[in-house]
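K.L.:
Attaching a single structure in structure tokens format; questions to follow.
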Amino acid sequence: MAESDMDQLLDSFKKFAVHGDTKATGKEMNGKNWAKLCKDCKVVDGKNVTSTDVDIVFTKVKAKTSRVITYEEFQKALEELAPKRFKGQSKEEALQSMHKLIDGKEPTNVGVTKVAKTAAVDRLTDTSKYTGSHKERFDESGKGKGKGGREELVEHTGYVGAYKNAGSYEEKTKAK
């Protein structure tokens, strides 16, 4: 096998090994990422190779107490799966075809959560329909008022907040 092919394979192994794990070093791959690699690189075809086969091979090549596989074990796993995936090819040909599937690939983020834009979300975020104390937090255009909308801003007038006749005491006492 050519040296550049091996580099690409190792590169793909590292990319999948660290996928979704901030603490991963790229030297070992867990079962979940092994399954993802097989799915993303079309090793799992649903007929000859299923996700169950992928799990079985992973368990077979890893060390008994280990929960991860090294790059060497990863290569053994590919050797195990290759004849199954590429029936009718010699072991070497099947392994080459297997490497072609994986070379230079990296984890895809297909089906990763997207922002939902449904009627329910629109309805819940429509500030014009808010009632009660929540209504106070937005102006007519639906723009938030910031801190003024969240906190009671104290007016030092001596009157209770929202008192309608504020400032009219002087007039009432003079009238008598």
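Letters for chains follow the order of the structure tokens (A, B, ...), residue numbers begin at 1 for each chain, and ligand numbers begin at 1 in the order shown.
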As a VMD selection string, please: every residue in region 17-171 of chain A that a backbone DSSP assignment puts in strand (DSSP E).

P.N.:
chain A and resid 28 to 30 68 to 70

K.L.:
Give me every helix (DSSP H, G or I) residue in chain A, going by DSSP on the backbone, as a ChimeraX atom specification.

P.N.:
/A:3-18,31-40,51-61,71-85,91-102,119-124,127-129,132-135,147-150,169-175

K.L.:
Counting only C-alpha atoms, which of A:Lys91, A:Lys64, A:Lys105, A:Lys164 gets nearest to Leu37 (chain A)?

P.N.:
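Ranking A:Lys91, A:Lys64, A:Lys105, A:Lys164 by distance to Leu37 (chain A), first place goes to A:Lys105.
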
K.L.:
Residues near Val57 (chain A), anyone? I mean within 8 Å using only C-alpha atoms, not counting same-chain ones fewer than 5 positions away, as a VMD selection string.

P.N.:
chain A and resid 77 80 to 81

K.L.:
With N, CA, C and O atoms kept, could you save the residues just selected as a short mmCIF file (atom, residue, chain, number, x, y, z; two decimals), in the first residue's frame?

P.N.:
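Listing of again-v6.cif after writing:
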data_model
loop_
_atom_site.label_atom_id
_atom_site.label_comp_id
_atom_site.auth_asym_id
_atom_site.auth_seq_id
_atom_site.Cartn_x
_atom_site.Cartn_y
_atom_site.Cartn_z
N ALA A 77 -9.62 -4.33 12.28
CA ALA A 77 -11.08 -4.29 12.13
C ALA A 77 -11.46 -4.13 10.67
O ALA A 77 -12.40 -4.79 10.18
N GLU A 80 -11.07 -7.34 8.90
CA GLU A 80 -12.18 -8.24 9.22
C GLU A 80 -13.41 -7.93 8.36
O GLU A 80 -14.07 -8.84 7.87
N LEU A 81 -13.69 -6.64 8.23
CA LEU A 81 -14.91 -6.23 7.52
C LEU A 81 -14.79 -6.26 6.00
O LEU A 81 -15.78 -6.46 5.31
#

K.L.:
Leaving out Ile102 (chain A) and any residue of its chain fewer than 5 positions from it, which residues lie within 8 Å of it when counting only C-alpha atoms, given as a list of chain:residue names?

P.N.:
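Result of the neighbour search: A:Leu9, A:Ser12, A:Leu37, A:Cys41.
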
K.L.:
By how many Å are CA of Glu79 (chain A) and CA of Gly20 (chain A) apart?

P.N.:
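Distance between the two atoms: 25.7 Å.
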
K.L.:
Which one of A:Val43, A:Leu78, A:Val54, A:Met29 sits closest to Ser66 (chain A) if you count only C-alpha atoms?

P.N.:
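With only C-alpha atoms as the atom set, the closest residue is A:Met29.
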
K.L.:
List the neighbours of Asp103 (chain A) out to 10 Å using only C-alpha atoms; skip same-chain residues closer than 6 positions along the sequence, and give me the result as a PDB file with all heavy atoms, in the first residue's frame.

P.N.:
ATOM      1  N   SER A   4       1.085   7.511   0.946  1.00  0.00           N
ATOM      2  CA  SER A   4       0.089   8.582   1.034  1.00  0.00           C
ATOM      3  C   SER A   4      -1.284   8.030   1.418  1.00  0.00           C
ATOM      4  O   SER A   4      -2.048   8.681   2.113  1.00  0.00           O
ATOM      5  CB  SER A   4      -0.003   9.349  -0.282  1.00  0.00           C
ATOM      6  OG  SER A   4      -0.531   8.508  -1.291  1.00  0.00           O
ATOM      7  N   ASP A   5      -1.594   6.816   0.947  1.00  0.00           N
ATOM      8  CA  ASP A   5      -2.855   6.175   1.319  1.00  0.00           C
ATOM      9  C   ASP A   5      -2.910   5.960   2.822  1.00  0.00           C
ATOM     10  O   ASP A   5      -3.936   6.203   3.458  1.00  0.00           O
ATOM     11  CB  ASP A   5      -3.020   4.813   0.617  1.00  0.00           C
ATOM     12  CG  ASP A   5      -3.311   4.980  -0.871  1.00  0.00           C
ATOM     13  OD1 ASP A   5      -3.523   6.137  -1.289  1.00  0.00           O
ATOM     14  OD2 ASP A   5      -3.326   3.968  -1.592  1.00  0.00           O
ATOM     15  N   MET A   6      -1.797   5.499   3.390  1.00  0.00           N
ATOM     16  CA  MET A   6      -1.747   5.257   4.823  1.00  0.00           C
ATOM     17  C   MET A   6      -1.930   6.562   5.597  1.00  0.00           C
ATOM     18  O   MET A   6      -2.602   6.593   6.618  1.00  0.00           O
ATOM     19  CB  MET A   6      -0.408   4.607   5.223  1.00  0.00           C
ATOM     20  CG  MET A   6      -0.274   3.168   4.799  1.00  0.00           C
ATOM     21  SD  MET A   6      -1.638   2.142   5.387  1.00  0.00           S
ATOM     22  CE  MET A   6      -1.122   1.885   7.071  1.00  0.00           C
ATOM     23  N   ASP A   7      -1.327   7.633   5.089  1.00  0.00           N
ATOM     24  CA  ASP A   7      -1.468   8.926   5.748  1.00  0.00           C
ATOM     25  C   ASP A   7      -2.925   9.366   5.764  1.00  0.00           C
ATOM     26  O   ASP A   7      -3.426   9.847   6.773  1.00  0.00           O
ATOM     27  CB  ASP A   7      -0.628   9.999   5.031  1.00  0.00           C
ATOM     28  CG  ASP A   7       0.872   9.783   5.239  1.00  0.00           C
ATOM     29  OD1 ASP A   7       1.222   8.985   6.132  1.00  0.00           O
ATOM     30  OD2 ASP A   7       1.666  10.402   4.510  1.00  0.00           O
ATOM     31  N   GLN A   8      -3.587   9.182   4.623  1.00  0.00           N
ATOM     32  CA  GLN A   8      -4.996   9.576   4.540  1.00  0.00           C
ATOM     33  C   GLN A   8      -5.854   8.747   5.481  1.00  0.00           C
ATOM     34  O   GLN A   8      -6.763   9.268   6.117  1.00  0.00           O
ATOM     35  CB  GLN A   8      -5.502   9.395   3.103  1.00  0.00           C
ATOM     36  CG  GLN A   8      -5.101  10.530   2.201  1.00  0.00           C
ATOM     37  CD  GLN A   8      -5.812  10.432   0.871  1.00  0.00           C
ATOM     38  OE1 GLN A   8      -5.854   9.371   0.246  1.00  0.00           O
ATOM     39  NE2 GLN A   8      -6.387  11.528   0.432  1.00  0.00           N
ATOM     40  N   LEU A   9      -5.544   7.452   5.557  1.00  0.00           N
ATOM     41  CA  LEU A   9      -6.300   6.569   6.428  1.00  0.00           C
ATOM     42  C   LEU A   9      -6.102   6.974   7.888  1.00  0.00           C
ATOM     43  O   LEU A   9      -7.059   7.073   8.649  1.00  0.00           O
ATOM     44  CB  LEU A   9      -5.862   5.109   6.212  1.00  0.00           C
ATOM     45  CG  LEU A   9      -6.769   4.050   6.831  1.00  0.00           C
ATOM     46  CD1 LEU A   9      -8.123   4.050   6.135  1.00  0.00           C
ATOM     47  CD2 LEU A   9      -6.147   2.677   6.709  1.00  0.00           C
ATOM     48  N   LEU A  10      -4.859   7.246   8.262  1.00  0.00           N
ATOM     49  CA  LEU A  10      -4.550   7.668   9.628  1.00  0.00           C
ATOM     50  C   LEU A  10      -5.232   9.001   9.925  1.00  0.00           C
ATOM     51  O   LEU A  10      -5.772   9.203  11.011  1.00  0.00           O
ATOM     52  CB  LEU A  10      -3.027   7.792   9.807  1.00  0.00           C
ATOM     53  CG  LEU A  10      -2.535   8.222  11.195  1.00  0.00           C
ATOM     54  CD1 LEU A  10      -2.980   7.222  12.257  1.00  0.00           C
ATOM     55  CD2 LEU A  10      -1.026   8.356  11.215  1.00  0.00           C
ATOM     56  N   ASP A  11      -5.236   9.888   8.944  1.00  0.00           N
ATOM     57  CA  ASP A  11      -5.869  11.192   9.078  1.00  0.00           C
ATOM     58  C   ASP A  11      -7.367  11.031   9.361  1.00  0.00           C
ATOM     59  O   ASP A  11      -7.913  11.644  10.271  1.00  0.00           O
ATOM     60  CB  ASP A  11      -5.644  11.981   7.779  1.00  0.00           C
ATOM     61  CG  ASP A  11      -5.949  13.453   7.965  1.00  0.00           C
ATOM     62  OD1 ASP A  11      -5.587  13.993   9.024  1.00  0.00           O
ATOM     63  OD2 ASP A  11      -6.543  14.045   7.043  1.00  0.00           O
ATOM     64  N   SER A  12      -8.011  10.176   8.569  1.00  0.00           N
ATOM     65  CA  SER A  12      -9.436   9.913   8.778  1.00  0.00           C
ATOM     66  C   SER A  12      -9.672   9.298  10.147  1.00  0.00           C
ATOM     67  O   SER A  12     -10.606   9.672  10.854  1.00  0.00           O
ATOM     68  CB  SER A  12      -9.974   8.964   7.706  1.00  0.00           C
ATOM     69  OG  SER A  12     -10.000   9.601   6.463  1.00  0.00           O
ATOM     70  N   PHE A  13      -8.815   8.342  10.526  1.00  0.00           N
ATOM     71  CA  PHE A  13      -8.937   7.692  11.839  1.00  0.00           C
ATOM     72  C   PHE A  13      -8.896   8.751  12.936  1.00  0.00           C
ATOM     73  O   PHE A  13      -9.736   8.773  13.832  1.00  0.00           O
ATOM     74  CB  PHE A  13      -7.795   6.673  12.037  1.00  0.00           C
ATOM     75  CG  PHE A  13      -7.739   6.087  13.422  1.00  0.00           C
ATOM     76  CD1 PHE A  13      -8.585   5.046  13.776  1.00  0.00           C
ATOM     77  CD2 PHE A  13      -6.857   6.571  14.365  1.00  0.00           C
ATOM     78  CE1 PHE A  13      -8.542   4.503  15.056  1.00  0.00           C
ATOM     79  CE2 PHE A  13      -6.802   6.035  15.646  1.00  0.00           C
ATOM     80  CZ  PHE A  13      -7.654   5.000  15.995  1.00  0.00           C
ATOM     81  N   CYS A  41     -18.754   6.557   6.027  1.00  0.00           N
ATOM     82  CA  CYS A  41     -17.908   6.170   4.895  1.00  0.00           C
ATOM     83  C   CYS A  41     -18.545   5.062   4.064  1.00  0.00           C
ATOM     84  O   CYS A  41     -17.876   4.439   3.237  1.00  0.00           O
ATOM     85  CB  CYS A  41     -16.531   5.752   5.386  1.00  0.00           C
ATOM     86  SG  CYS A  41     -15.656   7.095   6.200  1.00  0.00           S
TER      87      CYS A  41
END

K.L.:
Rank A:Lys27, A:Leu101, A:Ala120, A:Ser128 by their smallest atom-to-atom distance to Gly144 (chain A), using only C-alpha atoms, and report the top residue only.

P.N.:
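Using only C-alpha atoms, Gly144 (chain A) sits closest to A:Ser128.
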
K.L.:
Go ahead and compute the interatomic distance for CA of Ala63 (chain A) and CA of His99 (chain A), in Å to one decimal.

P.N.:
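Here the two named atoms are 23.0 Å from each other.
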
K.L.:
Just the number, please: distance in Å from CA of Asp40 (chain A) to CA of Asn109 (chain A), one decimal.

P.N.:
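Separating CA of Asp40 (chain A) from CA of Asn109 (chain A) is a distance of 9.6 Å.
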
K.L.:
Could you pull the residues within 12 Å of Asp126 (chain A), counting only C-alpha atoms, minus those fewer than 6 positions along the same chain, as a PyMOL selection string?

P.N.:
chain A and resi 119-120+134-135+138+140-144

K.L.:
Please save N, CA, C and O atoms of the selected residues as a CSV table (one decimal), in the first residue's frame.

P.N.:
chain,number,residue,atom,x,y,z
A,119,ALA,N,-44.7,27.0,13.3
A,119,ALA,CA,-45.7,27.9,13.7
A,119,ALA,C,-45.7,28.1,15.3
A,119,ALA,O,-45.9,29.2,15.8
A,120,ALA,N,-45.4,27.0,15.9
A,120,ALA,CA,-45.4,27.0,17.4
A,120,ALA,C,-44.4,28.0,17.9
A,120,ALA,O,-44.6,28.8,18.8
A,134,HIS,N,-45.3,40.1,31.5
A,134,HIS,CA,-44.4,39.9,30.4
A,134,HIS,C,-44.6,41.0,29.3
A,134,HIS,O,-43.6,41.3,28.6
A,135,LYS,N,-45.8,41.4,29.2
A,135,LYS,CA,-46.1,42.5,28.2
A,135,LYS,C,-45.3,43.7,28.4
A,135,LYS,O,-44.9,44.4,27.5
A,138,PHE,N,-41.7,44.6,26.7
A,138,PHE,CA,-41.5,45.0,25.3
A,138,PHE,C,-42.2,46.2,24.9
A,138,PHE,O,-43.3,46.5,25.4
A,140,GLU,N,-44.1,48.6,21.7
A,140,GLU,CA,-45.1,48.3,20.7
A,140,GLU,C,-44.5,47.5,19.5
A,140,GLU,O,-45.1,46.7,18.9
A,141,SER,N,-43.2,47.8,19.1
A,141,SER,CA,-42.6,47.2,18.0
A,141,SER,C,-42.2,45.8,18.2
A,141,SER,O,-41.8,45.0,17.3
A,142,GLY,N,-42.2,45.4,19.5
A,142,GLY,CA,-41.8,44.0,19.9
A,142,GLY,C,-40.3,44.0,20.3
A,142,GLY,O,-39.8,42.9,20.6
A,143,LYS,N,-39.7,45.2,20.4
A,143,LYS,CA,-38.3,45.2,20.8
A,143,LYS,C,-38.3,45.2,22.3
A,143,LYS,O,-39.1,45.9,22.9
A,144,GLY,N,-37.3,44.5,22.9
A,144,GLY,CA,-37.2,44.4,24.3
A,144,GLY,C,-36.8,45.8,24.9
A,144,GLY,O,-36.0,46.5,24.3

K.L.:
Rank nothing, just name the residue among A:Asn48, A:Thr70, A:Thr118, A:Thr127 nearest to Gly88 (chain A), using only C-alpha atoms.

P.N.:
A:Asn48

K.L.:
Tell me which of A:Lys172, A:Arg67, A:Lys84, A:Lys147 sits closest to Glu28 (chain A), counting only C-alpha atoms.

P.N.:
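Ranking A:Lys172, A:Arg67, A:Lys84, A:Lys147 by distance to Glu28 (chain A), first place goes to A:Arg67.
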